[in-house]
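Everything below belongs to target_16.cif, which stores mmCIF, C-alpha atoms and all ligand atoms.
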```
data_start
#
loop_
_atom_site.label_atom_id
_atom_site.label_comp_id
_atom_site.auth_asym_id
_atom_site.auth_seq_id
_atom_site.Cartn_x
_atom_site.Cartn_y
_atom_site.Cartn_z
CA MET A 23 -152.26 -119.81 34.06
CA GLY A 24 -149.16 -121.95 34.54
CA VAL A 25 -146.58 -122.10 31.78
CA PRO A 26 -147.96 -121.11 28.37
CA SER A 27 -146.72 -122.70 25.16
CA LEU A 28 -144.76 -120.68 22.61
CA LYS A 29 -147.84 -120.70 20.39
CA GLU A 30 -149.95 -119.31 23.23
CA LEU A 31 -147.29 -116.69 23.85
CA ARG A 32 -147.32 -115.62 20.22
CA GLU A 33 -151.08 -115.33 20.24
CA GLY A 34 -151.63 -114.12 23.77
CA GLY A 35 -149.86 -110.78 23.64
CA LYS A 36 -148.53 -109.00 26.67
CA ALA A 37 -150.70 -110.86 29.19
CA ALA A 38 -149.32 -114.23 28.08
CA LEU A 39 -145.76 -112.91 28.19
CA ALA A 40 -146.35 -111.52 31.66
CA ALA A 41 -147.59 -114.97 32.75
CA ALA A 42 -144.49 -116.63 31.31
CA LEU A 43 -142.25 -114.09 33.06
CA ALA A 44 -144.06 -114.87 36.30
CA ALA A 45 -143.42 -118.58 35.72
CA ILE A 46 -139.71 -117.80 35.37
CA GLU A 47 -139.82 -116.41 38.91
CA THR A 48 -141.99 -119.10 40.48
CA GLU A 49 -141.33 -122.32 38.55
CA ALA A 50 -137.64 -122.01 37.87
CA ASN A 51 -137.06 -125.75 37.81
CA SER A 52 -140.19 -127.00 36.11
CA GLU A 53 -139.99 -129.21 33.06
CA ALA A 54 -142.71 -127.26 31.27
CA LEU A 55 -140.77 -124.02 31.66
CA ALA A 56 -137.52 -125.60 30.46
CA HIS A 57 -139.33 -126.87 27.36
CA LEU A 58 -140.85 -123.46 26.65
CA LEU A 59 -137.48 -121.74 27.02
CA ASP A 60 -135.76 -124.30 24.80
CA GLU A 61 -138.36 -123.86 22.12
CA ALA A 62 -138.08 -120.07 22.35
CA CYS A 63 -134.30 -120.40 22.25
CA ALA A 64 -134.44 -122.51 19.10
CA LYS A 65 -136.76 -120.07 17.34
CA PRO A 66 -135.30 -116.60 17.70
CA LYS A 67 -137.25 -113.92 15.88
CA GLY A 68 -135.09 -110.94 16.62
CA TYR A 69 -131.73 -109.96 17.99
CA ILE A 70 -130.62 -108.78 21.41
CA LEU A 71 -128.85 -105.47 21.85
CA GLY A 72 -127.00 -105.17 25.16
CA LEU A 73 -126.85 -101.52 26.20
CA THR A 74 -124.57 -100.52 29.02
CA GLY A 75 -123.03 -97.41 30.50
CA THR A 76 -122.53 -95.53 33.75
CA PRO A 77 -125.44 -93.93 35.64
CA GLY A 78 -126.64 -90.75 33.96
CA VAL A 79 -124.93 -91.42 30.63
CA GLY A 80 -128.31 -91.24 28.89
CA LYS A 81 -129.33 -94.89 28.53
CA SER A 82 -133.03 -94.38 29.30
CA THR A 83 -133.28 -91.36 27.02
CA LEU A 84 -131.64 -93.33 24.23
CA ILE A 85 -133.90 -96.34 24.77
CA ASN A 86 -136.95 -94.11 24.57
CA ALA A 87 -135.67 -92.80 21.25
CA MET A 88 -134.93 -96.34 20.04
CA ILE A 89 -138.44 -97.48 20.94
CA ALA A 90 -139.95 -94.59 18.99
CA ARG A 91 -137.71 -95.31 16.01
CA ALA A 92 -138.46 -99.03 16.04
CA ARG A 93 -142.22 -98.38 16.13
CA ALA A 94 -141.95 -95.80 13.35
CA ALA A 95 -140.23 -98.51 11.27
CA ASN A 96 -143.04 -100.91 12.18
CA LYS A 97 -140.73 -103.13 14.24
CA THR A 98 -141.75 -104.58 17.58
CA ILE A 99 -139.44 -104.02 20.51
CA ALA A 100 -139.00 -105.28 24.07
CA VAL A 101 -136.77 -103.84 26.77
CA ILE A 102 -135.40 -105.34 29.97
CA ALA A 103 -133.88 -102.79 32.34
CA VAL A 104 -131.71 -104.58 34.87
CA ASP A 105 -132.19 -102.71 38.10
CA PRO A 106 -129.19 -102.85 40.42
CA SER A 107 -131.06 -101.08 43.22
CA SER A 108 -133.61 -103.84 43.76
CA LYS A 109 -131.00 -106.50 44.54
CA ALA A 110 -131.99 -106.72 48.19
CA THR A 111 -135.68 -107.32 47.68
CA GLY A 112 -135.33 -109.42 44.56
CA GLY A 113 -138.40 -107.62 43.36
CA ALA A 114 -138.93 -106.60 39.79
CA LEU A 115 -140.80 -103.35 39.98
CA LEU A 116 -142.18 -102.23 36.71
CA GLY A 117 -141.30 -98.67 36.03
CA ASP A 118 -138.58 -98.65 38.64
CA ARG A 119 -135.68 -97.76 36.40
CA ALA A 120 -137.68 -98.33 33.29
CA ARG A 121 -139.04 -94.84 33.11
CA MET A 122 -140.10 -95.27 29.53
CA THR A 123 -142.62 -92.97 28.00
CA THR A 124 -144.38 -95.61 25.94
CA ASP A 125 -148.00 -95.99 25.04
CA PRO A 126 -149.38 -98.78 27.25
CA GLY A 127 -151.88 -99.66 24.52
CA ASP A 128 -149.14 -100.37 21.95
CA LYS A 129 -148.88 -104.15 21.51
CA GLY A 130 -145.54 -103.78 19.77
CA VAL A 131 -143.69 -102.53 22.86
CA PHE A 132 -142.95 -104.41 26.05
CA VAL A 133 -140.86 -102.91 28.85
CA ARG A 134 -139.88 -104.73 32.01
CA SER A 135 -137.55 -103.87 34.83
CA MET A 136 -135.85 -106.83 36.50
CA ALA A 137 -133.84 -107.09 39.67
CA ALA A 138 -130.11 -107.52 39.38
CA ARG A 139 -128.77 -110.62 41.04
CA ASP A 140 -125.44 -111.09 42.70
CA ARG A 141 -123.56 -111.89 39.56
CA LEU A 142 -121.37 -109.26 37.98
CA GLY A 143 -123.42 -106.94 35.88
CA GLY A 144 -126.56 -108.37 37.42
CA ILE A 145 -127.53 -110.63 34.54
CA SER A 146 -129.44 -113.29 36.43
CA ASN A 147 -130.81 -116.59 35.16
CA GLU A 148 -134.21 -114.93 35.18
CA THR A 149 -132.99 -112.10 32.98
CA ILE A 150 -131.49 -114.57 30.52
CA ALA A 151 -134.70 -116.58 30.40
CA ALA A 152 -136.82 -113.43 29.94
CA ALA A 153 -134.56 -112.18 27.16
CA VAL A 154 -134.76 -115.53 25.37
CA LEU A 155 -138.57 -115.41 25.47
CA MET A 156 -138.64 -111.84 24.20
CA ARG A 157 -136.17 -112.70 21.44
CA ALA A 158 -138.66 -115.28 20.19
CA LEU A 159 -141.50 -112.76 20.15
CA TYR A 160 -140.12 -109.32 19.24
CA ASP A 161 -138.07 -107.99 16.36
CA ARG A 162 -135.70 -106.19 18.70
CA VAL A 163 -134.79 -106.76 22.32
CA ILE A 164 -132.73 -104.39 24.42
CA VAL A 165 -131.17 -105.54 27.68
CA GLU A 166 -129.96 -102.52 29.60
CA THR A 167 -127.43 -102.78 32.43
CA VAL A 168 -125.82 -100.07 34.50
CA GLY A 169 -122.11 -100.41 34.04
CA VAL A 170 -119.75 -99.37 36.76
CA GLY A 171 -116.20 -100.49 36.14
CA GLN A 172 -115.96 -104.05 35.03
CA SER A 173 -119.51 -105.16 35.57
CA GLU A 174 -120.44 -104.57 31.94
CA SER A 175 -118.84 -107.78 30.83
CA ASP A 176 -121.83 -109.93 31.79
CA ILE A 177 -123.99 -108.35 29.12
CA GLY A 178 -121.99 -110.32 26.56
CA ALA A 179 -123.58 -113.47 27.97
CA ILE A 180 -126.88 -112.58 26.37
CA ALA A 181 -126.37 -109.84 23.75
CA ASP A 182 -125.67 -110.32 20.08
CA THR A 183 -124.37 -106.77 19.92
CA VAL A 184 -123.00 -104.85 22.89
CA LEU A 185 -123.40 -101.08 22.78
CA LEU A 186 -121.34 -99.16 25.30
CA CYS A 187 -122.46 -95.61 26.06
CA VAL A 188 -119.79 -93.16 27.16
CA GLN A 189 -120.46 -89.75 28.60
CA PRO A 190 -118.61 -86.54 27.67
CA GLY A 191 -116.40 -85.05 30.33
CA ALA A 192 -116.78 -87.75 32.96
CA GLY A 193 -113.46 -89.43 32.38
CA ASP A 194 -115.47 -92.45 31.27
CA ALA A 195 -113.10 -93.30 28.46
CA LEU A 196 -110.14 -93.58 30.79
CA GLN A 197 -112.18 -95.54 33.31
CA PHE A 198 -113.11 -98.06 30.69
CA MET A 199 -109.59 -98.40 29.46
CA LYS A 200 -108.35 -99.11 32.98
CA ALA A 201 -111.07 -101.59 33.68
CA GLY A 202 -110.36 -103.47 30.50
CA VAL A 203 -113.92 -102.99 29.35
CA MET A 204 -112.74 -101.69 26.03
CA GLU A 205 -112.34 -105.22 24.80
CA LEU A 206 -115.99 -105.79 25.14
CA PRO A 207 -118.19 -103.40 23.14
CA ASP A 208 -119.14 -103.98 19.52
CA VAL A 209 -120.26 -100.38 19.16
CA VAL A 210 -119.36 -97.35 21.30
CA ALA A 211 -121.60 -94.30 21.45
CA VAL A 212 -120.52 -91.03 23.00
CA THR A 213 -123.79 -89.61 24.27
CA LYS A 214 -124.92 -85.99 24.53
CA ALA A 215 -123.15 -85.02 21.33
CA ASP A 216 -125.11 -81.77 21.48
CA GLN A 217 -122.63 -80.74 24.17
CA GLY A 218 -120.09 -80.08 21.45
CA ALA A 219 -116.41 -79.92 22.31
CA ALA A 220 -116.63 -82.13 25.40
CA ALA A 221 -118.29 -84.87 23.36
CA ARG A 222 -115.69 -84.62 20.61
CA ARG A 223 -112.94 -84.92 23.23
CA ALA A 224 -114.58 -87.99 24.70
CA ARG A 225 -114.75 -89.54 21.27
CA ALA A 226 -111.06 -88.88 20.69
CA ASP A 227 -110.29 -90.38 24.12
CA VAL A 228 -112.25 -93.52 23.36
CA GLU A 229 -110.69 -93.90 19.95
CA GLY A 230 -107.28 -93.43 21.52
CA ALA A 231 -108.04 -96.02 24.16
CA LEU A 232 -109.34 -98.48 21.58
CA GLY A 233 -106.26 -97.89 19.45
CA LEU A 234 -104.02 -98.83 22.37
CA MET A 235 -105.70 -102.15 22.89
CA GLU A 236 -104.60 -105.20 21.06
CA ARG A 237 -107.69 -106.17 19.29
CA GLY A 238 -107.90 -109.43 17.53
CA GLY A 239 -110.86 -110.46 15.49
CA SER A 240 -112.36 -109.10 12.36
CA TRP A 241 -114.67 -106.47 13.81
CA LEU A 242 -113.47 -103.00 14.78
CA ALA A 243 -115.90 -101.28 17.11
CA PRO A 244 -116.99 -97.95 15.62
CA VAL A 245 -117.11 -94.93 17.94
CA LEU A 246 -120.12 -92.73 17.21
CA MET A 247 -121.39 -89.44 18.55
CA ILE A 248 -125.08 -89.41 19.34
CA SER A 249 -127.65 -87.21 20.96
CA ALA A 250 -130.87 -88.86 21.97
CA THR A 251 -132.43 -85.46 22.57
CA THR A 252 -131.64 -83.91 19.16
CA GLY A 253 -131.58 -87.18 17.22
CA GLU A 254 -128.06 -86.55 15.96
CA GLY A 255 -126.20 -89.72 15.07
CA LEU A 256 -129.13 -92.07 15.65
CA ASP A 257 -129.28 -93.12 11.98
CA GLN A 258 -125.57 -93.91 12.13
CA LEU A 259 -126.11 -95.87 15.33
CA ASP A 260 -128.81 -97.99 13.67
CA GLU A 261 -126.47 -98.52 10.75
CA ALA A 262 -123.60 -99.59 13.01
CA ILE A 263 -125.85 -102.13 14.76
CA VAL A 264 -127.12 -103.47 11.44
CA ASN A 265 -123.52 -103.72 10.20
CA HIS A 266 -122.49 -105.65 13.27
CA LEU A 267 -125.38 -108.06 12.86
CA ALA A 268 -124.45 -108.52 9.21
CA HIS A 269 -120.88 -109.24 10.33
CA LEU A 270 -122.20 -111.80 12.83
CA SER A 271 -124.34 -113.53 10.28
CA GLU A 272 -121.30 -114.12 8.06
CA ALA A 273 -119.37 -117.35 8.45
CA GLY A 274 -121.78 -118.66 11.07
CA ARG A 275 -120.49 -116.25 13.73
CA LEU A 276 -123.94 -115.60 15.16
CA ASN A 277 -124.59 -119.30 15.75
CA VAL A 278 -121.18 -119.71 17.33
CA ARG A 279 -121.76 -116.71 19.60
CA ARG A 280 -125.19 -117.88 20.67
CA SER A 281 -124.14 -121.45 21.33
CA GLU A 282 -121.15 -120.23 23.37
CA GLN A 283 -123.59 -118.11 25.36
CA GLU A 284 -125.78 -121.15 26.00
CA GLY A 285 -122.76 -123.03 27.34
CA GLU A 286 -122.00 -120.07 29.62
CA TRP A 287 -125.58 -119.94 30.96
CA ILE A 288 -125.47 -123.60 31.88
CA ALA A 289 -122.05 -123.36 33.51
CA GLU A 290 -123.06 -120.24 35.47
CA ALA A 291 -126.32 -121.78 36.65
CA ILE A 292 -124.55 -124.97 37.75
CA ARG A 293 -121.82 -122.92 39.42
CA ALA A 294 -124.38 -120.89 41.36
CA ARG A 295 -125.96 -124.07 42.73
CA PHE A 296 -123.06 -126.52 43.03
CA GLY A 297 -119.88 -124.44 42.87
CA SER A 298 -116.92 -125.02 40.60
CA GLU A 299 -116.72 -128.70 41.56
CA GLY A 300 -120.25 -129.06 40.32
CA VAL A 301 -119.22 -127.52 37.00
CA ALA A 302 -116.33 -129.98 36.76
CA ALA A 303 -118.60 -132.92 37.62
CA ALA A 304 -121.19 -131.73 35.09
CA ARG A 305 -118.60 -131.94 32.33
CA GLU A 306 -118.58 -135.71 32.75
CA ILE A 307 -122.34 -136.01 32.43
CA ARG A 308 -123.68 -136.56 28.94
CA ILE A 309 -127.09 -135.22 28.09
CA SER A 310 -127.95 -135.22 24.44
CA GLY A 311 -130.72 -133.99 22.25
CA GLN A 312 -131.93 -131.21 24.51
CA GLY A 313 -131.91 -127.43 24.47
CA PRO A 314 -129.81 -125.51 27.00
CA PHE A 315 -132.56 -125.02 29.56
CA SER A 316 -133.47 -128.71 29.70
CA ARG A 317 -129.78 -129.64 29.79
CA GLU A 318 -129.25 -127.30 32.73
CA ARG A 319 -132.30 -128.71 34.50
CA LEU A 320 -131.29 -132.36 33.96
CA LEU A 321 -127.69 -131.67 34.97
CA GLY A 322 -128.98 -130.04 38.14
CA LEU A 323 -131.19 -133.05 38.92
CA GLU A 324 -128.32 -135.47 38.29
CA LEU A 325 -125.89 -133.50 40.45
CA LYS A 326 -128.46 -133.27 43.22
CA THR A 327 -129.03 -137.02 43.11
CA ARG A 328 -125.29 -137.65 43.33
CA LEU A 329 -124.97 -135.27 46.28
CA PHE A 330 -127.84 -137.06 48.00
CA LEU A 331 -126.25 -140.47 47.45
CA LEU A 332 -122.93 -139.17 48.78
CA THR A 333 -124.48 -137.89 51.98
CA ARG A 334 -126.18 -141.28 52.57
CA ARG A 335 -123.01 -143.31 52.33
N1 LIG A 401 -127.78 -82.69 26.53
C1 LIG A 401 -128.22 -83.94 26.54
N2 LIG A 401 -128.66 -84.49 27.67
C2 LIG A 401 -129.09 -85.76 27.66
C3 LIG A 401 -129.08 -86.55 26.46
N3 LIG A 401 -129.53 -87.78 26.77
C4 LIG A 401 -129.82 -87.77 28.08
N4 LIG A 401 -129.56 -86.55 28.64
C5 LIG A 401 -129.77 -86.14 30.03
O1 LIG A 401 -128.90 -86.87 30.88
C6 LIG A 401 -129.54 -87.18 32.11
C7 LIG A 401 -129.50 -88.67 32.34
O2 LIG A 401 -130.22 -89.33 31.32
P1 LIG A 401 -130.85 -90.78 31.51
O3 LIG A 401 -131.38 -91.19 30.18
O4 LIG A 401 -131.78 -90.80 32.65
O5 LIG A 401 -129.54 -91.58 31.88
P2 LIG A 401 -129.40 -93.11 32.35
O6 LIG A 401 -128.15 -93.61 31.76
O7 LIG A 401 -130.65 -93.85 32.04
O8 LIG A 401 -129.23 -92.97 33.91
P3 LIG A 401 -129.47 -94.09 35.04
O9 LIG A 401 -130.83 -94.66 34.80
O10 LIG A 401 -129.37 -93.33 36.32
O11 LIG A 401 -128.38 -95.10 34.91
C8 LIG A 401 -130.95 -86.63 32.00
O12 LIG A 401 -130.99 -85.40 32.63
C9 LIG A 401 -131.16 -86.50 30.50
O13 LIG A 401 -132.07 -85.49 30.19
C10 LIG A 401 -128.60 -85.92 25.26
O14 LIG A 401 -128.56 -86.51 24.17
N5 LIG A 401 -128.18 -84.63 25.37
MG MG A 402 -131.95 -94.94 33.23
#
```
Spit out the file's structure as structure tokens when you get a sec.
Ligand SMILES: Nc1nc2c(ncn2[C@@H]2O[C@H](COP(=O)(O)OP(=O)(O)OP(=O)(O)O)[C@@H](O)[C@H]2O)c(=O)[nH]1
Ligand SMILES: [Mg+2]
Amino acid sequence: MGVPSLKELREGGKAALAAALAAIETEANSEALAHLLDEACAKPKGYILGLTGTPGVGKSTLINAMIARARAANKTIAVIAVDPSSKATGGALLGDRARMTTDPGDKGVFVRSMAARDRLGGISNETIAAAVLMRALYDRVIVETVGVGQSESDIGAIADTVLLCVQPGAGDALQFMKAGVMELPDVVAVTKADQGAAARRARADVEGALGLMERGGSWLAPVLMISATTGEGLDQLDEAIVNHLAHLSEAGRLNVRRSEQEGEWIAEAIRARFGSEGVAAAREIRISGQGPFSRERLLGLELKTRLFLLTRR
């Protein structure tokens, strides 16, 4: 099928999106793909929620609940589960970590598991590209990463809102404080609130840890108690996410955040291919009037040409 256009993607449903995701894997440097991604990037339909937390904290259970709630509200939703275990093969096995109990016939839900790459937090170029496509097609996009220690920070490279899930009784709060992750989340959810006292303690720990941090900026991350199994706190969680998005949309913050992210994607992609000297060299190269994916592609071509000329001297 090659690379579909954005129009074809909008009309072609899941099959067209699957073809575009395949193109991300196989045609990473094609001009057609860069154009598609730039167009998708310029026409976001929804927002991206980054959801992170340690193994077993309840991310999948929460995502299942969020999918059901989105569909009940007549919103479409796509999920990318970044799978740290498939690093070695580079494979993206559907249903690997994405054990979602969704109706395969529902056109309004798309779930994909993607391999983590060697970057911290596993947010690969492919994951970024996939999320950008989904953001152009769905009302809500969730990118889920498994956070262990500091690796959560990468999720900020793609998410509008970062939701950190913390587990009762696991010492998670203290872990996060040590790792410095507390600076990152926009919303914190203590999961398994149905466990009572342990969950309340975890919440107090997190609030204490947040209180100790010097936090600049105008947004104070709320700490909520939720239970994906009983539904407790899920309305408040929705509200907190909506509030954060409203905060972002004030004073042009959302545009600033997204354009900073685009700069980060380009720098990271150039760094992966050409190292930090490549990033420095790229700063001197002017490419105007293009979206981030074409800029990255053209910068890569230019740097490659320069390297080639150098080796021929
Ligand atoms: N009591 C209670 N248990 C929960 C809740 N949410 C999830 N669990 C349980 O916690 C365990 C882990 O839940 P998952 O949703 O698989 O956690 P995860 O974060 O996706 O785990 P990984 O995929 O391994 O990173 C399961 O046994 C769930 O049934 C909750 O709200 N309350
Ligand atoms: Mg899971």
Problem set entry | For A:Asn51: contacts at 10 Å, all atoms listed in the file, fewer than 4 positions along chain excluded, given as a PyMOL selection string | chain A and resi 45-47+55-56+315-316+318-320+322-323
For this session: Rank A:Ile99, A:Ala90, A:Ala151, A:Leu71 by their smallest atom-to-atom distance to A:Trp287, using all atoms listed in the file, and report the top residue only.
Result: A:Ala151
For this session: Give the residues close to ligand LIG 401 (chain A), within 12 Å, counting only C-alpha atoms and all ligand atoms; write them as a ChimeraX atom specification.
Result: /A:73-88,103-107,117-123,135,166-170,186-190,211-218,220-221,247-256
Exercise. Just how far from atom CA of A:Leu325 is atom CA of A:Ala302, in Å to one decimal?
Worked result: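 Interatomic distance here is 10.8 Å.
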For this session: List the neighbours of stretch 267-282 of chain A out to 8 Å using all atoms listed in the file; skip same-chain residues closer than 5 positions along the sequence, and give me the result as a ChimeraX atom specification.
Result: /A:180,182-183,241
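If you count only C-alpha atoms and ignore residues fewer than 3 places along the chain from A:Gly68, what sits within 7 Å of it is Arg157, Ala158, Tyr160, Asp161 and Arg162 of chain A.
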For this session: Compare A:Ala50, A:Ala44, A:Ala62, A:Val209 by their minimum atom-to-atom distance to A:Met136, counting all atoms listed in the file, and give me the closest one.
Result: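 Residue with the minimum atom-to-atom distance to A:Met136: A:Ala44.
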Exercise. For ligand MG 402 (chain A), which residue out of A:Leu242, A:Ile145, A:Ala219, A:Val165 is the nearest one, using only C-alpha atoms and all ligand atoms?
Worked result: A:Val165
Problem set entry | Computed interatomic separation between atom CA of A:Gly127 and atom CA of A:Ala37 (Å) | 12.2 Å
For this session: Name all residues at most 9 Å from A:Lys129 (count all atoms listed in the file; drop same-chain ones fewer than 6 positions away) and give them as a PyMOL selection string.
Result: chain A and resi 35-36+98
For this session: Give me, please, the distance in Å between atom CA of A:Gly72 and atom CA of A:Gly178, quoted to one decimal.
Result: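 Distance reported for this atom pair: 7.3 Å.
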Exercise. For ligand MG 402 (chain A), which residue out of A:Thr149, A:Leu58, A:Ile102, A:Ser27 is the nearest one, using all atoms listed in the file?
Worked result: A:Ile102
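The closest residue to A:Val101, picked from A:Gly34, A:Pro26, A:Gly191, A:Gly130 and counting only C-alpha atoms, is A:Gly130.
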